[in-house]
>>> print(open('upload28.json').read())   # JSON, C-alpha atoms and all ligand atoms
[["chain", "number", "residue", "atom", "x", "y", "z"],
["A", 1, "MET", "CA", 132.13, 12.89, 170.60],
["A", 2, "ILE", "CA", 134.71, 11.02, 168.58],
["A", 3, "LEU", "CA", 133.01, 8.14, 166.78],
["A", 4, "SER", "CA", 135.47, 5.35, 166.04],
["A", 5, "ALA", "CA", 135.31, 1.93, 164.45],
["A", 6, "VAL", "CA", 137.47, -0.98, 165.56],
["A", 7, "VAL", "CA", 137.88, -3.73, 162.99],
["A", 8, "VAL", "CA", 140.11, -6.60, 161.88],
["A", 9, "VAL", "CA", 140.32, -7.11, 158.12],
["A", 10, "ASP", "CA", 142.09, -9.66, 155.97],
["A", 11, "ALA", "CA", 143.98, -8.82, 152.78],
["A", 12, "ASN", "CA", 140.64, -8.50, 150.92],
["A", 13, "ASN", "CA", 138.87, -6.43, 153.60],
["A", 14, "GLY", "CA", 137.04, -9.60, 154.73],
["A", 15, "ILE", "CA", 135.80, -9.48, 158.33],
["A", 16, "GLY", "CA", 133.68, -12.59, 158.89],
["A", 17, "LYS", "CA", 132.26, -15.87, 157.66],
["A", 18, "GLU", "CA", 128.98, -17.52, 158.74],
["A", 19, "ASN", "CA", 128.57, -15.00, 161.57],
["A", 20, "LYS", "CA", 132.00, -15.74, 163.03],
["A", 21, "LEU", "CA", 135.27, -13.86, 163.00],
["A", 22, "LEU", "CA", 137.80, -15.07, 160.42],
["A", 23, "VAL", "CA", 140.52, -15.53, 163.00],
["A", 24, "HIS", "CA", 141.34, -14.81, 166.64],
["A", 25, "PHE", "CA", 144.83, -13.84, 167.62],
["A", 26, "PRO", "CA", 146.06, -12.70, 171.01],
["A", 27, "ALA", "CA", 147.80, -9.47, 170.01],
["A", 28, "ASP", "CA", 144.63, -8.20, 168.35],
["A", 29, "LEU", "CA", 142.34, -9.25, 171.21],
["A", 30, "LYS", "CA", 144.66, -7.35, 173.54],
["A", 31, "ARG", "CA", 144.57, -4.26, 171.35],
["A", 32, "PHE", "CA", 140.77, -4.41, 171.07],
["A", 33, "LYS", "CA", 140.45, -4.66, 174.84],
["A", 34, "LYS", "CA", 142.86, -1.79, 175.45],
["A", 35, "ILE", "CA", 141.09, 0.52, 172.98],
["A", 36, "THR", "CA", 137.50, -0.21, 174.05],
["A", 37, "SER", "CA", 137.60, -1.03, 177.79],
["A", 38, "GLY", "CA", 135.78, 1.50, 179.94],
["A", 39, "HIS", "CA", 133.92, 2.89, 176.92],
["A", 40, "THR", "CA", 130.66, 2.32, 175.07],
["A", 41, "VAL", "CA", 130.60, -0.20, 172.23],
["A", 42, "ILE", "CA", 127.83, -0.25, 169.63],
["A", 43, "MET", "CA", 127.17, -3.35, 167.53],
["A", 44, "GLY", "CA", 124.62, -5.01, 165.27],
["A", 45, "ARG", "CA", 122.41, -7.80, 166.53],
["A", 46, "LYS", "CA", 124.31, -10.44, 164.54],
["A", 47, "THR", "CA", 127.66, -9.44, 166.01],
["A", 48, "TYR", "CA", 126.17, -9.59, 169.50],
["A", 49, "GLU", "CA", 124.80, -13.07, 168.77],
["A", 50, "SER", "CA", 128.12, -14.17, 167.37],
["A", 51, "MET", "CA", 129.78, -13.17, 170.68],
["A", 52, "GLY", "CA", 126.88, -14.60, 172.69],
["A", 53, "LYS", "CA", 127.17, -12.11, 175.54],
["A", 54, "ALA", "CA", 128.04, -8.52, 176.35],
["A", 55, "LEU", "CA", 131.68, -7.49, 176.48],
["A", 56, "PRO", "CA", 132.78, -6.99, 180.09],
["A", 57, "ASN", "CA", 133.86, -3.58, 181.45],
["A", 58, "ARG", "CA", 132.11, -1.78, 178.61],
["A", 59, "ARG", "CA", 128.66, -0.29, 178.05],
["A", 60, "ASN", "CA", 127.16, -2.50, 175.33],
["A", 61, "ILE", "CA", 124.54, -1.15, 172.92],
["A", 62, "VAL", "CA", 123.00, -3.59, 170.43],
["A", 63, "ILE", "CA", 121.00, -2.48, 167.38],
["A", 64, "SER", "CA", 118.09, -4.45, 165.94],
["A", 65, "ARG", "CA", 115.05, -3.59, 163.83],
["A", 66, "GLN", "CA", 112.96, -6.25, 165.62],
["A", 67, "PRO", "CA", 110.24, -4.66, 167.73],
["A", 68, "GLY", "CA", 110.52, -5.76, 171.34],
["A", 69, "TYR", "CA", 114.12, -6.99, 170.95],
["A", 70, "ALA", "CA", 115.63, -6.86, 174.43],
["A", 71, "LEU", "CA", 118.66, -8.33, 176.20],
["A", 72, "THR", "CA", 119.43, -8.73, 179.86],
["A", 73, "ASP", "CA", 123.12, -7.82, 179.60],
["A", 74, "SER", "CA", 123.04, -5.02, 176.99],
["A", 75, "GLU", "CA", 121.04, -1.96, 176.05],
["A", 76, "THR", "CA", 119.13, -2.26, 172.79],
["A", 77, "THR", "CA", 117.93, 0.32, 170.26],
["A", 78, "HIS", "CA", 116.23, 0.29, 166.87],
["A", 79, "SER", "CA", 118.56, 2.49, 164.84],
["A", 80, "LEU", "CA", 122.22, 3.38, 164.63],
["A", 81, "GLU", "CA", 121.40, 7.05, 165.26],
["A", 82, "ALA", "CA", 119.51, 6.12, 168.43],
["A", 83, "GLY", "CA", 122.44, 3.97, 169.57],
["A", 84, "ILE", "CA", 124.89, 6.83, 169.06],
["A", 85, "GLY", "CA", 122.40, 9.16, 170.79],
["A", 86, "LEU", "CA", 122.42, 6.99, 173.92],
["A", 87, "ALA", "CA", 126.15, 7.65, 174.24],
["A", 88, "GLU", "CA", 125.84, 11.42, 173.79],
["A", 89, "GLY", "CA", 128.33, 13.37, 175.88],
["A", 90, "GLU", "CA", 130.92, 10.59, 175.95],
["A", 91, "GLU", "CA", 134.39, 11.44, 174.69],
["A", 92, "GLU", "CA", 134.91, 8.47, 172.34],
["A", 93, "VAL", "CA", 132.42, 5.79, 171.34],
["A", 94, "PHE", "CA", 133.26, 2.61, 169.44],
["A", 95, "ILE", "CA", 131.37, 0.97, 166.60],
["A", 96, "ILE", "CA", 132.49, -2.67, 166.67],
["A", 97, "GLY", "CA", 130.60, -4.18, 163.72],
["A", 98, "GLY", "CA", 129.52, -6.05, 161.86],
["A", 99, "ALA", "CA", 129.58, -5.22, 158.18],
["A", 100, "GLU", "CA", 126.06, -3.78, 158.04],
["A", 101, "ILE", "CA", 126.73, -1.43, 160.95],
["A", 102, "PHE", "CA", 130.20, -0.41, 159.70],
["A", 103, "ARG", "CA", 128.72, 0.44, 156.30],
["A", 104, "GLN", "CA", 126.03, 2.67, 157.79],
["A", 105, "ALA", "CA", 128.39, 4.31, 160.29],
["A", 106, "LEU", "CA", 131.14, 5.09, 157.78],
["A", 107, "PRO", "CA", 129.85, 8.58, 156.80],
["A", 108, "VAL", "CA", 129.76, 9.69, 160.46],
["A", 109, "LEU", "CA", 132.96, 8.00, 161.67],
["A", 110, "ASN", "CA", 135.92, 10.15, 162.73],
["A", 111, "LYS", "CA", 138.46, 7.42, 163.31],
["A", 112, "VAL", "CA", 139.12, 3.77, 162.41],
["A", 113, "TYR", "CA", 141.36, 1.46, 164.41],
["A", 114, "LEU", "CA", 142.09, -1.20, 161.83],
["A", 115, "THR", "CA", 144.06, -4.41, 162.16],
["A", 116, "HIS", "CA", 145.20, -5.54, 158.73],
["A", 117, "ILE", "CA", 146.12, -9.20, 158.34],
["A", 118, "ASP", "CA", 148.47, -9.99, 155.44],
["A", 119, "LYS", "CA", 146.54, -13.11, 154.47],
["A", 120, "THR", "CA", 143.28, -13.88, 152.67],
["A", 121, "PHE", "CA", 140.62, -15.96, 154.40],
["A", 122, "ASP", "CA", 137.35, -17.34, 153.04],
["A", 123, "ALA", "CA", 135.00, -14.47, 154.02],
["A", 124, "ASP", "CA", 131.35, -13.62, 153.39],
["A", 125, "THR", "CA", 131.27, -10.17, 155.05],
["A", 126, "PHE", "CA", 133.52, -7.21, 154.26],
["A", 127, "PHE", "CA", 134.58, -3.83, 155.65],
["A", 128, "PRO", "CA", 133.94, -0.93, 153.25],
["A", 129, "GLU", "CA", 136.93, 0.56, 151.42],
["A", 130, "LEU", "CA", 138.17, 3.76, 153.09],
["A", 131, "ASP", "CA", 138.34, 6.59, 150.56],
["A", 132, "LYS", "CA", 141.96, 7.73, 150.75],
["A", 133, "ASN", "CA", 140.88, 11.26, 149.75],
["A", 134, "GLN", "CA", 138.93, 11.46, 153.00],
["A", 135, "TRP", "CA", 141.03, 9.32, 155.34],
["A", 136, "HIS", "CA", 144.68, 9.54, 156.29],
["A", 137, "GLU", "CA", 146.87, 7.10, 158.16],
["A", 138, "GLU", "CA", 147.70, 8.55, 161.56],
["A", 139, "ASP", "CA", 149.58, 5.64, 163.06],
["A", 140, "ARG", "CA", 150.98, 2.32, 161.92],
["A", 141, "GLU", "CA", 152.69, -0.63, 163.63],
["A", 142, "ASP", "CA", 153.83, -3.56, 161.50],
["A", 143, "HIS", "CA", 154.29, -7.00, 163.07],
["A", 144, "GLN", "CA", 156.00, -10.09, 161.76],
["A", 145, "PRO", "CA", 154.63, -13.62, 162.28],
["A", 146, "ASP", "CA", 155.57, -15.25, 165.57],
["A", 147, "GLU", "CA", 154.84, -18.50, 167.40],
["A", 148, "LYS", "CA", 151.31, -17.31, 168.33],
["A", 149, "THR", "CA", 150.42, -15.67, 165.00],
["A", 150, "PRO", "CA", 151.30, -17.40, 161.74],
["A", 151, "PHE", "CA", 150.93, -14.30, 159.52],
["A", 152, "SER", "CA", 152.18, -10.72, 159.45],
["A", 153, "TYR", "CA", 149.77, -7.98, 160.41],
["A", 154, "SER", "CA", 149.61, -4.23, 161.01],
["A", 155, "PHE", "CA", 147.82, -2.07, 163.55],
["A", 156, "LEU", "CA", 146.67, 1.06, 161.76],
["A", 157, "THR", "CA", 144.83, 4.16, 162.91],
["A", 158, "TYR", "CA", 143.02, 6.20, 160.29],
["A", 159, "LYS", "CA", 141.57, 9.65, 160.84],
["A", 160, "LYS", "CA", 139.09, 11.43, 158.64],
["A", 161, "GLY", "CA", 140.27, 14.73, 157.19],
["A", 201, "LIG", "N1", 136.51, -8.56, 161.88],
["A", 201, "LIG", "C1", 135.87, -7.74, 162.68],
["A", 201, "LIG", "O1", 136.44, -6.79, 163.20],
["A", 201, "LIG", "C2", 134.41, -7.98, 162.98],
["A", 201, "LIG", "C3", 133.74, -7.20, 163.92],
["A", 201, "LIG", "C4", 132.39, -7.45, 164.15],
["A", 201, "LIG", "C5", 131.74, -8.45, 163.46],
["A", 201, "LIG", "N2", 132.42, -9.18, 162.56],
["A", 201, "LIG", "C6", 131.76, -10.22, 161.77],
["A", 201, "LIG", "O2", 130.76, -9.61, 160.96],
["A", 201, "LIG", "C7", 129.72, -10.56, 160.74],
["A", 201, "LIG", "C8", 128.38, -9.96, 161.15],
["A", 201, "LIG", "O3", 128.14, -8.80, 160.36],
["A", 201, "LIG", "P1", 126.72, -8.55, 159.66],
["A", 201, "LIG", "O4", 126.85, -7.40, 158.72],
["A", 201, "LIG", "O5", 126.21, -9.85, 159.13],
["A", 201, "LIG", "O6", 125.77, -8.21, 160.90],
["A", 201, "LIG", "P2", 125.76, -7.02, 162.00],
["A", 201, "LIG", "O7", 126.10, -5.72, 161.33],
["A", 201, "LIG", "O8", 126.52, -7.43, 163.19],
["A", 201, "LIG", "O9", 124.23, -7.04, 162.43],
["A", 201, "LIG", "C9", 123.24, -6.82, 161.47],
["A", 201, "LIG", "C10", 121.92, -6.64, 162.19],
["A", 201, "LIG", "O10", 121.92, -5.41, 162.90],
["A", 201, "LIG", "C11", 120.63, -4.85, 162.86],
["A", 201, "LIG", "N3", 120.69, -3.58, 162.14],
["A", 201, "LIG", "C12", 121.53, -3.22, 161.14],
["A", 201, "LIG", "N4", 121.30, -1.96, 160.75],
["A", 201, "LIG", "C13", 120.26, -1.51, 161.51],
["A", 201, "LIG", "C14", 119.57, -0.28, 161.58],
["A", 201, "LIG", "N5", 119.88, 0.76, 160.81],
["A", 201, "LIG", "N6", 118.57, -0.16, 162.48],
["A", 201, "LIG", "C15", 118.25, -1.19, 163.31],
["A", 201, "LIG", "N7", 118.89, -2.39, 163.29],
["A", 201, "LIG", "C16", 119.88, -2.53, 162.40],
["A", 201, "LIG", "C17", 119.74, -5.86, 162.19],
["A", 201, "LIG", "O11", 119.27, -6.72, 163.22],
["A", 201, "LIG", "P3", 117.84, -7.47, 163.14],
["A", 201, "LIG", "O12", 117.99, -8.48, 162.06],
["A", 201, "LIG", "O13", 117.67, -8.05, 164.50],
["A", 201, "LIG", "O14", 116.84, -6.41, 162.82],
["A", 201, "LIG", "C18", 120.72, -6.59, 161.29],
["A", 201, "LIG", "O15", 120.29, -7.88, 160.91],
["A", 201, "LIG", "C19", 130.09, -11.79, 161.56],
["A", 201, "LIG", "O16", 130.76, -12.72, 160.72],
["A", 201, "LIG", "C20", 131.03, -11.24, 162.61],
["A", 201, "LIG", "O17", 131.91, -12.23, 163.11],
["A", 201, "LIG", "C21", 133.74, -8.98, 162.31]]
>>> encode(input="upload28.json", output="structure tokens", more="lines below")
Ligand SMILES: NC(=O)c1ccc[n+]([C@@H]2O[C@H](COP(=O)([O-])OP(=O)(O)OC[C@H]3O[C@@H](n4cnc5c(N)ncnc54)[C@H](OP(=O)(O)O)[C@@H]3O)[C@@H](O)[C@H]2O)c1
Amino acid sequence: MILSAVVVVDANNGIGKENKLLVHFPADLKRFKKITSGHTVIMGRKTYESMGKALPNRRNIVISRQPGYALTDSETTHSLEAGIGLAEGEEEVFIIGGAEIFRQALPVLNKVYLTHIDKTFDADTFFPELDKNQWHEEDREDHQPDEKTPFSYSFLTYKKG
């Protein structure tokens, strides 16, 4: 199994504020959908609540420490390891946040699909720094601002090793 994270970070590695995303922009939503559709996504309880429902066309696994935590539209487990275990045998599985889950998954991740926004937002949650001795950039697409997106951004793929 390839274990991958998909994340959008601002210029300071910020990813969220008050349990919301910092920004939504169409090119990134499209990329997220293309990468994760048809696959399993694993997320923390707060990220699920921030979205309010399961992502369509994907197997959704939500992690919570609360005993008895259950959802009608997603599978739930009580540890990250158990969540990854549920997806055993799948080719690529996606960790989609938030900060707490990214931090715990980092040592076992193989790949990170990262959207880097060239702007700083007011954030209260952050993606961990990728150690450049362990991670290399496999792919990069730089984009200039346009009428839908008032900042420049890059789509990056990092691989461990
Ligand atoms: N920019 C991005 O790409 C991106 C992506 C996703 C999310 N976000 C943002 O990130 C923020 C949310 O991140 P967050 O760090 O606050 O929360 P989170 O990681 O989404 O969820 C944290 C919760 O997950 C559960 N959990 C964490 N580790 C666990 C473990 N080992 N075993 C069992 N349960 C565990 C706990 O739920 P219980 O409290 O129920 O026990 C914990 O409170 C929001 O602002 C969201 O918008 C950004």
>>> closest_residue(input="upload28.json", among="A:Arg103, A:His39, A:Lys53, A:Lys34", to="ligand LIG 201 (chain A)", atoms="all atoms listed in the file")
A:Arg103
>>> atom_distance(input="upload28.json", atom1="atom C6 of ligand LIG 201 (chain A)", atom2="atom CA of Ala99 of chain A")
6.5 Å
>>> residues_around(input="upload28.json", residues="His143 of chain A", least_positions_apart="3", cutoff="8 Å", atoms="all atoms listed in the file", output="short mmCIF file (atom, residue, chain, number, x, y, z; two decimals) with C-alpha atoms, in the coordinates of the input")
data_model
loop_
_atom_site.label_atom_id
_atom_site.label_comp_id
_atom_site.auth_asym_id
_atom_site.auth_seq_id
_atom_site.Cartn_x
_atom_site.Cartn_y
_atom_site.Cartn_z
CA SER A 152 152.18 -10.72 159.45
CA TYR A 153 149.77 -7.98 160.41
CA SER A 154 149.61 -4.23 161.01
#
>>> closest_residue(input="upload28.json", among="A:Ile2, A:Gly89, A:Ala123, A:Ser74", to="Glu18 of chain A", atoms="all atoms listed in the file")
A:Ala123
>>> closest_residue(input="upload28.json", among="A:Thr125, A:Asn60, A:Asn110, A:Ser4", to="ligand LIG 201 (chain A)", atoms="all atoms listed in the file")
A:Thr125
>>> residues_near_point(input="upload28.json", point="(131.1, 7.0, 175.4)", cutoff="9 Å", atoms="only C-alpha atoms", output="list of chain:residue names")
A:Met1, A:Ile2, A:Leu3, A:Gly38, A:His39, A:Thr40, A:Val41, A:Arg59, A:Ile84, A:Leu86, A:Ala87, A:Glu88, A:Gly89, A:Glu90, A:Glu91, A:Glu92, A:Val93, A:Phe94
>>> closest_residue(input="upload28.json", among="A:His24, A:His136, A:His78, A:Arg58", to="ligand LIG 201 (chain A)", atoms="all atoms listed in the file")
A:His78
>>> residues_near_ligand(input="upload28.json", ligand="ligand LIG 201 (chain A)", cutoff="7 Å", atoms="all atoms listed in the file", output="PyMOL selection string")
chain A and resi 6-9+15-22+43-48+50+63-66+78-80+96-102+125
>>> residues_around(input="upload28.json", residues="Glu137 of chain A", least_positions_apart="4", cutoff="10 Å", atoms="only C-alpha atoms", output="mmCIF file with C-alpha atoms, keeping the file's coordinate frame")
data_model
loop_
_atom_site.group_PDB
_atom_site.id
_atom_site.type_symbol
_atom_site.label_atom_id
_atom_site.label_comp_id
_atom_site.auth_asym_id
_atom_site.auth_seq_id
_atom_site.Cartn_x
_atom_site.Cartn_y
_atom_site.Cartn_z
ATOM 1 C CA LYS A 111 138.460 7.420 163.310
ATOM 2 C CA VAL A 112 139.120 3.770 162.410
ATOM 3 C CA LYS A 132 141.960 7.730 150.750
ATOM 4 C CA LEU A 156 146.670 1.060 161.760
ATOM 5 C CA THR A 157 144.830 4.160 162.910
ATOM 6 C CA TYR A 158 143.020 6.200 160.290
ATOM 7 C CA LYS A 159 141.570 9.650 160.840
ATOM 8 C CA LYS A 160 139.090 11.430 158.640
#
>>> closest_residue(input="upload28.json", among="A:Pro67, A:Pro56, A:Pro107, A:Gly83", to="Trp135 of chain A", atoms="only C-alpha atoms")
A:Pro107
>>> atom_distance(input="upload28.json", atom1="atom CA of Glu138 of chain A", atom2="atom CA of Lys33 of chain A")
20.1 Å
>>> closest_residue(input="upload28.json", among="A:Asn133, A:Asn57, A:Thr77, A:Asn13", to="His116 of chain A", atoms="all atoms listed in the file")
A:Asn13
>>> atom_distance(input="upload28.json", atom1="atom CA of Ile42 of chain A", atom2="atom CA of Glu75 of chain A")
9.5 Å
>>> residues_around(input="upload28.json", residues="Asn12 of chain A", least_positions_apart="6", cutoff="10 Å", atoms="all atoms listed in the file", output="MDAnalysis selection string")
chainID A and resid 116:123 126:127 129
>>> axis_aligned_box(input="upload28.json", around="segment 112-127 of chain A", padding_each_side="6 Å", output="lines of an AutoDock Vina configuration file")
center_x = 139.9
center_y = -6.8
center_z = 158.5
size_x = 29.2
size_y = 33.1
size_z = 23.7
>>> decode(input="upload28.json", residues="segment 48-112 of chain A", atoms="C-alpha atoms", output="JSON list (two decimals), in the first residue's frame")
[["chain", "number", "residue", "atom", "x", "y", "z"],
["A", 48, "TYR", "CA", -15.00, 15.29, 9.13],
["A", 49, "GLU", "CA", -17.07, 17.72, 11.21],
["A", 50, "SER", "CA", -15.65, 20.67, 9.34],
["A", 51, "MET", "CA", -16.85, 19.08, 6.06],
["A", 52, "GLY", "CA", -20.13, 18.00, 7.66],
["A", 53, "LYS", "CA", -20.54, 14.89, 5.53],
["A", 54, "ALA", "CA", -18.63, 12.12, 3.80],
["A", 55, "LEU", "CA", -16.87, 12.85, 0.52],
["A", 56, "PRO", "CA", -18.78, 11.28, -2.37],
["A", 57, "ASN", "CA", -17.31, 8.48, -4.52],
["A", 58, "ARG", "CA", -14.75, 7.63, -1.86],
["A", 59, "ARG", "CA", -14.58, 5.24, 1.09],
["A", 60, "ASN", "CA", -14.49, 7.56, 4.12],
["A", 61, "ILE", "CA", -12.81, 6.48, 7.37],
["A", 62, "VAL", "CA", -13.03, 8.84, 10.34],
["A", 63, "ILE", "CA", -10.83, 8.52, 13.44],
["A", 64, "SER", "CA", -11.98, 9.44, 16.94],
["A", 65, "ARG", "CA", -10.95, 8.43, 20.46],
["A", 66, "GLN", "CA", -14.56, 8.74, 21.69],
["A", 67, "PRO", "CA", -15.99, 5.36, 22.60],
["A", 68, "GLY", "CA", -19.16, 4.67, 20.65],
["A", 69, "TYR", "CA", -18.44, 7.36, 18.04],
["A", 70, "ALA", "CA", -20.36, 6.32, 14.93],
["A", 71, "LEU", "CA", -21.52, 7.96, 11.70],
["A", 72, "THR", "CA", -24.13, 6.91, 9.20],
["A", 73, "ASP", "CA", -22.16, 7.93, 6.11],
["A", 74, "SER", "CA", -18.59, 6.94, 7.10],
["A", 75, "GLU", "CA", -16.70, 4.13, 8.77],
["A", 76, "THR", "CA", -15.19, 5.04, 12.13],
["A", 77, "THR", "CA", -12.19, 3.69, 14.06],
["A", 78, "HIS", "CA", -10.36, 4.54, 17.26],
["A", 79, "SER", "CA", -6.77, 4.79, 16.02],
["A", 80, "LEU", "CA", -4.86, 5.80, 12.93],
["A", 81, "GLU", "CA", -3.33, 2.31, 12.71],
["A", 82, "ALA", "CA", -6.80, 0.74, 12.77],
["A", 83, "GLY", "CA", -7.96, 3.15, 10.07],
["A", 84, "ILE", "CA", -5.02, 2.24, 7.83],
["A", 85, "GLY", "CA", -5.66, -1.44, 8.64],
["A", 86, "LEU", "CA", -9.23, -1.19, 7.32],
["A", 87, "ALA", "CA", -7.81, -0.22, 3.93],
["A", 88, "GLU", "CA", -5.28, -3.07, 3.82],
["A", 89, "GLY", "CA", -4.75, -4.46, 0.34],
["A", 90, "GLU", "CA", -5.64, -1.21, -1.43],
["A", 91, "GLU", "CA", -3.07, 0.22, -3.80],
["A", 92, "GLU", "CA", -3.04, 3.82, -2.53],
["A", 93, "VAL", "CA", -4.80, 5.28, 0.50],
["A", 94, "PHE", "CA", -5.11, 8.97, 1.29],
["A", 95, "ILE", "CA", -4.71, 10.74, 4.62],
["A", 96, "ILE", "CA", -6.63, 14.00, 4.23],
["A", 97, "GLY", "CA", -6.07, 15.71, 7.59],
["A", 98, "GLY", "CA", -6.24, 17.54, 9.77],
["A", 99, "ALA", "CA", -3.09, 18.62, 11.52],
["A", 100, "GLU", "CA", -3.27, 16.03, 14.31],
["A", 101, "ILE", "CA", -3.68, 13.18, 11.85],
["A", 102, "PHE", "CA", -1.01, 14.47, 9.44],
["A", 103, "ARG", "CA", 1.46, 14.74, 12.32],
["A", 104, "GLN", "CA", 0.86, 11.15, 13.44],
["A", 105, "ALA", "CA", 0.86, 9.76, 9.90],
["A", 106, "LEU", "CA", 4.06, 11.52, 8.79],
["A", 107, "PRO", "CA", 6.47, 8.71, 9.83],
["A", 108, "VAL", "CA", 4.50, 6.13, 7.81],
["A", 109, "LEU", "CA", 3.67, 8.26, 4.76],
["A", 110, "ASN", "CA", 5.21, 7.40, 1.39],
["A", 111, "LYS", "CA", 3.96, 10.35, -0.61],
["A", 112, "VAL", "CA", 2.59, 13.87, -0.11]]
